[in-house]
Amino acid sequence: MRIKNLRFGNLWISVTSVILGMLVGAIIMLLSGFNPIENYVSLFTGAVGSPNAIGEVLREATPLILTGLGFAVANSAGFFNIGLAGQALAGWLASVTFALAFPHAPGFILLPGAILAGAIAGALWSGIAGFLRAYFGASEVITTIMLNYVALYATNAIVKGFLAKGDGDYSPTIPVQARLRTPFLEHLTQNSTFHWGILVSLAAVVVVWWLMKKTTLGFEIRAVGMNEDASRYAGMSTKRTIISAMLISGCLAGLGGAMEGLGNFQNIIVNTALPSIGFDGMSVSLLATGSPVGIVLAALLFGMLKIGGLNISIASTTPPEIVDIVIAAVIFFVGANYLIRYLSVKLRRHPRQPEAVASDTQPEAAVAERAAQAEEEGEDTK
Amino acid sequence: MALTDIAIEVRGLTKRFGDFVANDHISMQIKSGTVHGLLGENGAGKTTMMNMLSGILQPTSGEILVHGQSVHLASAKDATQLGIGMVHQHFMLVENFTVLENIMLGVEETKGPGVLNRHDARDKIMALSKRYGLSIDPDAQVADISVGMQQRVEILKVLYRNADILIFDEPTAVLTPQEIKELLAIFRRLANEGKAVVLISHKLKELQAVADVTTIIRRGKVIDTVDTKTTSTEKLAELMVGRHVTFQRERVPMPAGPEILKITDLRVVDKQKVTRVHDFDLTIHGGEIVGLAGIDGNGQSELVRAITGLMPTAGGQVTIAGQDRTGATPRQITRSGVGHIPEDRQRYGLILPMSLVDNMSLQVYTLAPYSHHGVLNPKAMIANTENLLSEYDVRHSNIEEPAGSLSGGNQQKLIIARELSREPQLLIAVNPTRGLDVGAIEFIHQQLLAARAAGHAILLISYELDEIRQLADRVAVIHDGTIVGQAETNALSESEIGLLMAGETVSGKEEMLNAH
Ligand SMILES: Nc1ncnc2c1ncn2[C@@H]1O[C@H](COP(=O)(O)OP(=O)(O)OP(=O)(O)O)[C@@H](O)[C@H]1O
Ligand SMILES: [Mg+2]
């Protein structure tokens, strides 16, 4: 009951953020002379109005689930992995390269091999940051940002120099047996780009949940993230735990990249910017406040906003950027999650009838209240 | 206002956490100009009640009256405005702020918008500091000052806010006897100035020394309010626990067992390259309790961290049960049969946001039956937790609740349960009974003596000389990072130990003290 209550608290924050974000979008549309209701209706139909739309939304959500999980695992260990984009790119490159390298291998070897290559590449890339943090105390925020750019330019050089034909800016398409998109799914969703990668993502959700809740490694990751001193007292190796969390995080981001390579694009191109699944994954994870099931829901929401948003500019003269504003506003309110939590405490302090407090003041609320109080005073509970 | 003015009155004050009733229709009055003691078992609801008086928690039902006016305290700010200030059981200071900044925090005086007026604030704070004899170093960072000074900073914080109702939640738990004496004198002085002082303490002697009246709370209910001066210690203890409590400890003679801990020539240097422990030799045998007495900050913390693998050693050797464990990892040391009740329960002993089950499993989660091949076995973890929580009477509402929601004393009991349950052949216990009520102390002391009777070795580091004299076979005194004398406990008087702790010599006993 307690745990449900806690989840409910987080869910409430996420839902409030989404609603507030959409309200901000509506206000901006109104101020710019567009009709928000009409636009939100066309966003909604654009997202779920046809099998094709649903397929596109699911395809959009597939890598976001993986990068979202990746961020959440690192974050549990107290680690801010901003390098998801670079790790995803490494995974993308590795999976496509692997698929191109063995064009005649049978599908049951080539496809898993390519996926695995993506996961390993992502893990190696994040492992560098984990290693630097564990052994040299280098801030992961800085190292992962730098590694993002290294990944971007190195990948572009490799694509141009080795994979592309002639002067081209993109690699050949991967062999058929390595593709996650199949005629069956295309047929099912009116030629959408929906692909089997969704199964990889859902499997990852289950595995990550199990790993974090049911294994000693997950126990260690959570412990180190919450109190490093006590973790050392309990005999945990904080270095090993940090590196493990980073490897898992990068592995998931790499898988996200592999989904783009083997499913969405089926090749790799010279990118002018880092793949958006990195930063969007962070947002997804924050919106979900780290819970695996929440990440699935948040990724679907992101998919809907992005795919449905395309429909806004088709159905009206509203520029498509309005959707980016809505997304940004949602994230802003998630970031202001603390503020909302604080307000919720404030609201609860002025109950209409005293009895209402009796039933809903759960211990978590009290703890949050204590924490909020301490924060309010700018104090540290030491 | 008259000195007998009722500063605070509560009527039917009740606080629930879910189904758990922490305060059950409490009614009492606290008068201005008095020191009002508050006594109760661990988890009785003392802190909860005071948190309601200082606006941190809101009552489920009931009424609070301040100087006769019914008030609604929605936040700590409201309480501050009404002149109520609280010094918390666990300090609430910002470590990387200076002492001055910590005191000003929240009521910053400004000259013009957003510009701190440090100068005036400093003058006011230093005047208060002088007036009450609360010596502080205003520019030191809180992270670098002793617990005693942190305590004084907390008190100044409250005085700086002009409180006339001051609540102290176990203020002496972390202080040395000398500091305690000074603090009690300050309480008396505050009361004489007409302020109301509420003092929560588990130390009956202290209450008897300073409190005019004492209210006893048991399981959330007021049992009685008594005149402290005319009530005996035994009676107070009995009212509080509901049964007879003995203060005598039976220490049966034990044959000397094998050497369990042998420290030779140990040297510990901290990150700032300051030598904290040097030329340190100590041996403890099975069936023996050695008490390490000393003033806080003389190398005790570093010694313990070095023995338990939490801090590197710079020289010397630590041998546990015949095996060299110098520089071993904390886990290797734990596995060789060492239990550790750490000094700072919230920093090292517990992971506050994690559940009671997780915290109880901290030292054993990698072992069967709590996990197999890296997969946790929640059933075994829960069963073990439930057993230990009831065996050690850790008052809790739910095993999935975060450790941070336990009362201070119950947090301590959880750690003791976890460490003793592993039946360590060497137990390192730092202030093991800090914050425990007399009933719990009796029980824990019995457990320590039982471990000794089972042939285990115990290194007891305590700022309570009484505790050392009650339990230890041998007392060793640490001063400035090294042992300045050790002897059979009975061979040294309390004042002789005090002299050694202060770095002086005890004439006529030099030879005996150096014999070990
Ligand atoms: N936030 C909370 N959530 C759930 N239970 C709580 C919470 N705060 C306190 N409690 C429970 O209420 C009871 C009273 O706690 P409180 O801290 O008031 O005890 P106390 O009398 O101060 O004890 P101690 O002497 O150990 O400090 C305890 O059993 C504790 O577990
Ligand atoms: Mg308390």
# chains A, B, ... in the order shown; residues from 1 in each chain; ligands from 1
>>> residues_near_ligand(ligand="ligand 2", cutoff="7 Å", atoms="only C-alpha atoms and all ligand atoms", output="VMD selection string")
chain B and resid 42 to 43 46 to 47 89 169 407 to 409
>>> select_by_dssp(residues="segment 248-338 of chain B", states="strand (DSSP E or B)", output="ChimeraX atom specification")
/B:259-269,275-285,289-293,315-320,323-324,338
>>> write_last_selection(atoms="N, CA, C and O atoms", output="short mmCIF file (atom, residue, chain, number, x, y, z; two decimals), in the first residue's frame")
data_model
loop_
_atom_site.label_atom_id
_atom_site.label_comp_id
_atom_site.auth_asym_id
_atom_site.auth_seq_id
_atom_site.Cartn_x
_atom_site.Cartn_y
_atom_site.Cartn_z
N GLU B 259 44.25 -14.16 21.38
CA GLU B 259 44.34 -12.80 20.86
C GLU B 259 43.42 -12.65 19.66
O GLU B 259 43.54 -13.37 18.69
N ILE B 260 42.48 -11.70 19.73
CA ILE B 260 41.58 -11.51 18.59
C ILE B 260 42.01 -10.28 17.78
O ILE B 260 42.13 -10.34 16.57
N LEU B 261 42.24 -9.19 18.46
CA LEU B 261 42.68 -7.98 17.75
C LEU B 261 44.05 -7.59 18.27
O LEU B 261 44.27 -7.50 19.47
N LYS B 262 44.97 -7.42 17.33
CA LYS B 262 46.31 -6.97 17.74
C LYS B 262 46.72 -5.84 16.81
O LYS B 262 46.86 -6.03 15.60
N ILE B 263 46.85 -4.66 17.39
CA ILE B 263 47.26 -3.50 16.61
C ILE B 263 48.67 -3.15 17.05
O ILE B 263 48.92 -2.98 18.24
N THR B 264 49.60 -3.07 16.09
CA THR B 264 50.96 -2.70 16.46
C THR B 264 51.43 -1.50 15.66
O THR B 264 51.35 -1.50 14.43
N ASP B 265 51.88 -0.51 16.40
CA ASP B 265 52.58 0.62 15.80
C ASP B 265 51.77 1.31 14.70
O ASP B 265 52.32 1.79 13.72
N LEU B 266 50.46 1.34 14.87
CA LEU B 266 49.60 1.86 13.81
C LEU B 266 49.77 3.37 13.63
O LEU B 266 49.93 4.12 14.59
N ARG B 267 49.71 3.76 12.37
CA ARG B 267 49.82 5.17 12.02
C ARG B 267 48.75 5.46 10.97
O ARG B 267 48.61 4.73 9.99
N VAL B 268 47.99 6.51 11.20
CA VAL B 268 46.95 6.90 10.24
C VAL B 268 47.10 8.37 9.93
O VAL B 268 47.20 9.20 10.84
N VAL B 269 47.14 8.68 8.64
CA VAL B 269 47.29 10.06 8.20
C VAL B 269 46.07 10.40 7.35
O VAL B 269 45.69 9.63 6.48
N THR B 275 48.65 13.77 10.78
CA THR B 275 48.74 12.48 11.45
C THR B 275 47.69 12.42 12.54
O THR B 275 47.66 13.26 13.44
N ARG B 276 46.79 11.44 12.44
CA ARG B 276 45.69 11.35 13.39
C ARG B 276 45.93 10.28 14.45
O ARG B 276 45.47 10.40 15.57
N VAL B 277 46.62 9.22 14.04
CA VAL B 277 46.92 8.13 14.97
C VAL B 277 48.38 7.79 14.76
O VAL B 277 48.85 7.70 13.63
N HIS B 278 49.12 7.59 15.85
CA HIS B 278 50.53 7.22 15.71
C HIS B 278 50.96 6.37 16.89
O HIS B 278 50.38 6.44 17.97
N ASP B 279 51.98 5.55 16.66
CA ASP B 279 52.54 4.68 17.70
C ASP B 279 51.45 4.01 18.52
O ASP B 279 51.49 4.00 19.75
N PHE B 280 50.46 3.47 17.83
CA PHE B 280 49.30 2.95 18.53
C PHE B 280 49.40 1.43 18.67
O PHE B 280 49.47 0.71 17.67
N ASP B 281 49.43 0.93 19.88
CA ASP B 281 49.46 -0.50 20.15
C ASP B 281 48.29 -0.87 21.04
O ASP B 281 48.06 -0.22 22.05
N LEU B 282 47.59 -1.92 20.65
CA LEU B 282 46.49 -2.38 21.49
C LEU B 282 46.20 -3.84 21.17
O LEU B 282 46.21 -4.24 20.00
N THR B 283 45.97 -4.61 22.21
CA THR B 283 45.64 -6.02 22.01
C THR B 283 44.36 -6.32 22.77
O THR B 283 44.19 -5.88 23.90
N ILE B 284 43.45 -7.06 22.12
CA ILE B 284 42.23 -7.47 22.80
C ILE B 284 42.07 -8.97 22.64
O ILE B 284 42.24 -9.52 21.54
N HIS B 285 41.78 -9.65 23.76
CA HIS B 285 41.61 -11.09 23.73
C HIS B 285 40.14 -11.45 23.68
O HIS B 285 39.27 -10.63 23.99
N ILE B 289 36.38 -7.12 27.13
CA ILE B 289 35.91 -5.83 26.62
C ILE B 289 36.94 -4.79 26.99
O ILE B 289 37.28 -4.63 28.16
N VAL B 290 37.48 -4.12 25.98
CA VAL B 290 38.41 -3.03 26.25
C VAL B 290 37.72 -1.73 25.95
O VAL B 290 37.19 -1.52 24.85
N GLY B 291 37.68 -0.85 26.93
CA GLY B 291 37.06 0.45 26.72
C GLY B 291 38.11 1.46 26.33
O GLY B 291 39.15 1.57 26.98
N LEU B 292 37.87 2.18 25.22
CA LEU B 292 38.81 3.21 24.82
C LEU B 292 38.20 4.55 25.20
O LEU B 292 37.21 4.99 24.62
N ALA B 293 38.80 5.18 26.21
CA ALA B 293 38.28 6.47 26.67
C ALA B 293 39.09 7.58 26.03
O ALA B 293 40.27 7.40 25.75
N GLY B 315 51.04 3.07 8.24
CA GLY B 315 52.11 2.27 8.81
C GLY B 315 51.58 1.41 9.93
O GLY B 315 50.49 1.66 10.45
N GLY B 316 52.33 0.38 10.30
CA GLY B 316 51.91 -0.49 11.38
C GLY B 316 51.09 -1.66 10.87
O GLY B 316 50.97 -1.88 9.65
N GLN B 317 50.51 -2.40 11.80
CA GLN B 317 49.86 -3.64 11.43
C GLN B 317 48.59 -3.85 12.24
O GLN B 317 48.52 -3.51 13.42
N VAL B 318 47.56 -4.38 11.57
CA VAL B 318 46.34 -4.75 12.25
C VAL B 318 46.12 -6.24 12.02
O VAL B 318 46.01 -6.69 10.88
N THR B 319 46.11 -7.02 13.07
CA THR B 319 45.93 -8.46 12.95
C THR B 319 44.60 -8.84 13.60
O THR B 319 44.32 -8.44 14.73
N ILE B 320 43.79 -9.60 12.86
CA ILE B 320 42.51 -10.04 13.42
C ILE B 320 42.50 -11.55 13.45
O ILE B 320 42.66 -12.20 12.41
N GLN B 323 45.34 -13.22 11.65
CA GLN B 323 45.58 -12.95 10.24
C GLN B 323 45.84 -11.47 10.03
O GLN B 323 45.12 -10.63 10.57
N ASP B 324 46.83 -11.18 9.21
CA ASP B 324 47.16 -9.79 8.93
C ASP B 324 46.04 -9.17 8.09
O ASP B 324 45.77 -9.60 6.99
N VAL B 338 34.13 -9.44 11.84
CA VAL B 338 34.17 -8.18 12.56
C VAL B 338 32.82 -7.48 12.42
O VAL B 338 32.27 -7.38 11.33
#
>>> interface_residues(of="chain B", to="chain A", cutoff="7 Å", atoms="only C-alpha atoms", output="list in words")
Arg16, Phe17, Gly18, Ile56, Thr60, Ser61, Ala74, His90, Phe91, Met92, Leu93, Val94, Gly106, Leu310, Pro330, Arg331, Arg347, Tyr348, Gly349, Leu350, Ile351, Leu362, Gln363, Tyr365, Thr366, Gly374, Val375, Leu376 and Ser405 of chain B
>>> write_last_selection(atoms="N, CA and C atoms", output="CSV table (one decimal), in the first residue's frame")
chain,number,residue,atom,x,y,z
B,16,ARG,N,-0.9,10.8,13.6
B,16,ARG,CA,-0.9,9.5,13.0
B,16,ARG,C,0.1,9.4,11.8
B,17,PHE,N,0.8,8.3,11.6
B,17,PHE,CA,1.5,8.1,10.3
B,17,PHE,C,0.8,6.8,9.8
B,18,GLY,N,-0.1,7.0,8.8
B,18,GLY,CA,-0.8,5.9,8.3
B,18,GLY,C,-1.7,5.4,9.5
B,56,ILE,N,7.1,21.7,12.0
B,56,ILE,CA,7.6,20.8,10.9
B,56,ILE,C,6.6,19.7,10.5
B,60,THR,N,-2.6,15.6,13.4
B,60,THR,CA,-3.7,15.0,12.8
B,60,THR,C,-5.0,15.6,13.5
B,61,SER,N,-4.9,15.7,14.8
B,61,SER,CA,-6.0,16.5,15.5
B,61,SER,C,-5.4,17.0,16.8
B,74,ALA,N,1.8,26.2,10.3
B,74,ALA,CA,1.8,25.6,9.0
B,74,ALA,C,3.3,25.3,8.6
B,90,HIS,N,19.1,15.2,15.1
B,90,HIS,CA,20.1,15.1,14.1
B,90,HIS,C,20.3,16.5,13.6
B,91,PHE,N,21.5,17.0,13.7
B,91,PHE,CA,21.8,18.4,13.3
B,91,PHE,C,21.3,18.7,11.9
B,92,MET,N,21.0,20.0,11.7
B,92,MET,CA,20.5,20.4,10.4
B,92,MET,C,21.4,21.6,10.0
B,93,LEU,N,22.7,21.3,9.7
B,93,LEU,CA,23.6,22.4,9.3
B,93,LEU,C,24.0,22.1,7.9
B,94,VAL,N,24.3,23.2,7.2
B,94,VAL,CA,24.9,23.0,5.8
B,94,VAL,C,26.4,22.9,6.0
B,106,GLY,N,18.2,31.8,6.4
B,106,GLY,CA,16.7,31.8,6.6
B,106,GLY,C,16.2,33.2,7.2
B,310,LEU,N,38.0,1.4,6.2
B,310,LEU,CA,37.3,2.6,5.5
B,310,LEU,C,38.3,3.7,5.3
B,330,PRO,N,36.9,-3.3,3.4
B,330,PRO,CA,35.8,-3.4,4.4
B,330,PRO,C,35.1,-4.8,4.4
B,331,ARG,N,34.9,-5.3,3.2
B,331,ARG,CA,34.2,-6.6,3.1
B,331,ARG,C,35.1,-7.7,3.6
B,347,ARG,N,25.3,8.5,8.6
B,347,ARG,CA,26.2,8.6,7.5
B,347,ARG,C,26.8,7.3,7.1
B,348,TYR,N,27.2,6.5,8.1
B,348,TYR,CA,27.8,5.2,7.7
B,348,TYR,C,26.8,4.0,8.0
B,349,GLY,N,26.0,4.1,9.1
B,349,GLY,CA,25.3,2.9,9.5
B,349,GLY,C,24.1,2.6,8.7
B,350,LEU,N,23.5,3.6,8.1
B,350,LEU,CA,22.2,3.3,7.5
B,350,LEU,C,22.1,4.0,6.1
B,351,ILE,N,21.3,3.5,5.2
B,351,ILE,CA,20.9,4.2,4.0
B,351,ILE,C,19.5,4.7,4.2
B,362,LEU,N,22.2,-5.1,4.8
B,362,LEU,CA,23.4,-4.5,4.2
B,362,LEU,C,24.6,-5.3,4.3
B,363,GLN,N,24.8,-6.0,5.4
B,363,GLN,CA,26.1,-6.7,5.6
B,363,GLN,C,26.1,-8.2,5.1
B,365,TYR,N,23.8,-9.3,2.4
B,365,TYR,CA,23.0,-9.5,1.1
B,365,TYR,C,23.7,-10.4,0.1
B,366,THR,N,25.0,-10.5,0.2
B,366,THR,CA,25.7,-11.3,-0.8
B,366,THR,C,25.8,-12.8,-0.4
B,374,GLY,N,24.0,-14.0,-7.0
B,374,GLY,CA,23.6,-12.7,-7.4
B,374,GLY,C,22.2,-12.3,-7.5
B,375,VAL,N,21.3,-13.3,-7.2
B,375,VAL,CA,19.9,-13.0,-7.2
B,375,VAL,C,19.4,-13.0,-5.8
B,376,LEU,N,18.7,-11.8,-5.4
B,376,LEU,CA,18.3,-11.7,-4.0
B,376,LEU,C,17.2,-12.6,-3.7
B,405,SER,N,12.5,7.0,8.7
B,405,SER,CA,11.3,7.3,9.4
B,405,SER,C,11.3,6.7,10.8
>>> closest_atom_pairs(of="chain B", to="ligand 1", cutoff="10 Å", atoms="only C-alpha atoms and all ligand atoms", output="CSV")
residue,atom,partner,partner_atom_place_in_ligand_line,distance
B:Lys15,CA,ligand 1,12 (O),8.7
B:Arg16,CA,ligand 1,12 (O),8.1
B:Phe17,CA,ligand 1,4 (C),5.1
B:Gly18,CA,ligand 1,4 (C),7.5
B:Asp19,CA,ligand 1,4 (C),9.4
B:Phe20,CA,ligand 1,5 (N),7.1
B:Val21,CA,ligand 1,12 (O),7.3
B:Ala22,CA,ligand 1,12 (O),4.5
B:Asn23,CA,ligand 1,14 (C),7.6
B:Leu38,CA,ligand 1,21 (O),9.2
B:Leu39,CA,ligand 1,21 (O),8.2
B:Gly40,CA,ligand 1,21 (O),6.1
B:Glu41,CA,ligand 1,25 (O),5.8
B:Asn42,CA,ligand 1,26 (O),3.4
B:Gly43,CA,ligand 1,19 (O),3.4
B:Ala44,CA,ligand 1,21 (O),3.9
B:Gly45,CA,ligand 1,18 (O),3.2
B:Lys46,CA,ligand 1,21 (O),3.7
B:Thr47,CA,ligand 1,22 (O),3.6
B:Thr48,CA,ligand 1,18 (O),3.6
B:Met49,CA,ligand 1,18 (O),6.3
B:Met50,CA,ligand 1,18 (O),8.0
B:Asn51,CA,ligand 1,18 (O),8.2
B:Leu57,CA,ligand 1,1 (N),9.0
B:Gln89,CA,ligand 1,27 (O),7.2
B:His90,CA,ligand 1,27 (O),9.6
B:Asp169,CA,ligand 1,22 (O),7.8
B:Glu170,CA,ligand 1,27 (O),7.7
B:Ile200,CA,ligand 1,25 (O),8.3
B:Ser201,CA,ligand 1,25 (O),7.9
B:His202,CA,ligand 1,25 (O),7.3
B:Ile217,CA,ligand 1,21 (O),8.1
B:Arg218,CA,ligand 1,21 (O),8.5
B:Arg219,CA,ligand 1,14 (C),8.0
B:Gly220,CA,ligand 1,14 (C),7.4
B:Val394,CA,ligand 1,29 (O),8.2
B:Arg395,CA,ligand 1,29 (O),4.9
B:His396,CA,ligand 1,31 (O),4.5
B:Ser397,CA,ligand 1,31 (O),6.1
B:Asn398,CA,ligand 1,4 (C),8.3
B:Glu401,CA,ligand 1,4 (C),7.1
B:Pro402,CA,ligand 1,3 (N),8.1
B:Ala403,CA,ligand 1,31 (O),8.7
B:Gly404,CA,ligand 1,1 (N),7.5
B:Ser405,CA,ligand 1,2 (C),4.2
B:Leu406,CA,ligand 1,31 (O),3.9
B:Ser407,CA,ligand 1,17 (O),3.6
B:Gly408,CA,ligand 1,27 (O),4.1
B:Gly409,CA,ligand 1,26 (O),3.2
B:Asn410,CA,ligand 1,26 (O),5.2
B:Gln411,CA,ligand 1,26 (O),7.5
B:Gln412,CA,ligand 1,26 (O),8.2
B:Lys413,CA,ligand 1,26 (O),9.0
B:Arg434,CA,ligand 1,26 (O),9.9
B:Gly435,CA,ligand 1,25 (O),6.3
B:Leu436,CA,ligand 1,25 (O),6.4
B:Asp437,CA,ligand 1,25 (O),6.6
>>> select_by_dssp(residues="segment 167-265 of chain B", states="helix (DSSP H, G or I)", output="JSON, numbers by chain")
{"B": [177, 178, 179, 180, 181, 182, 183, 184, 185, 186, 187, 188, 189, 190, 191, 192, 204, 205, 206, 207, 208, 209, 210, 228, 229, 230, 233, 234, 235, 236, 237, 238, 239, 240, 241]}
>>> closest_residue(among="B:Gln208, B:Asp344, B:Val245, B:Val197", to="Thr230 of chain B", atoms="only C-alpha atoms")
B:Gln208
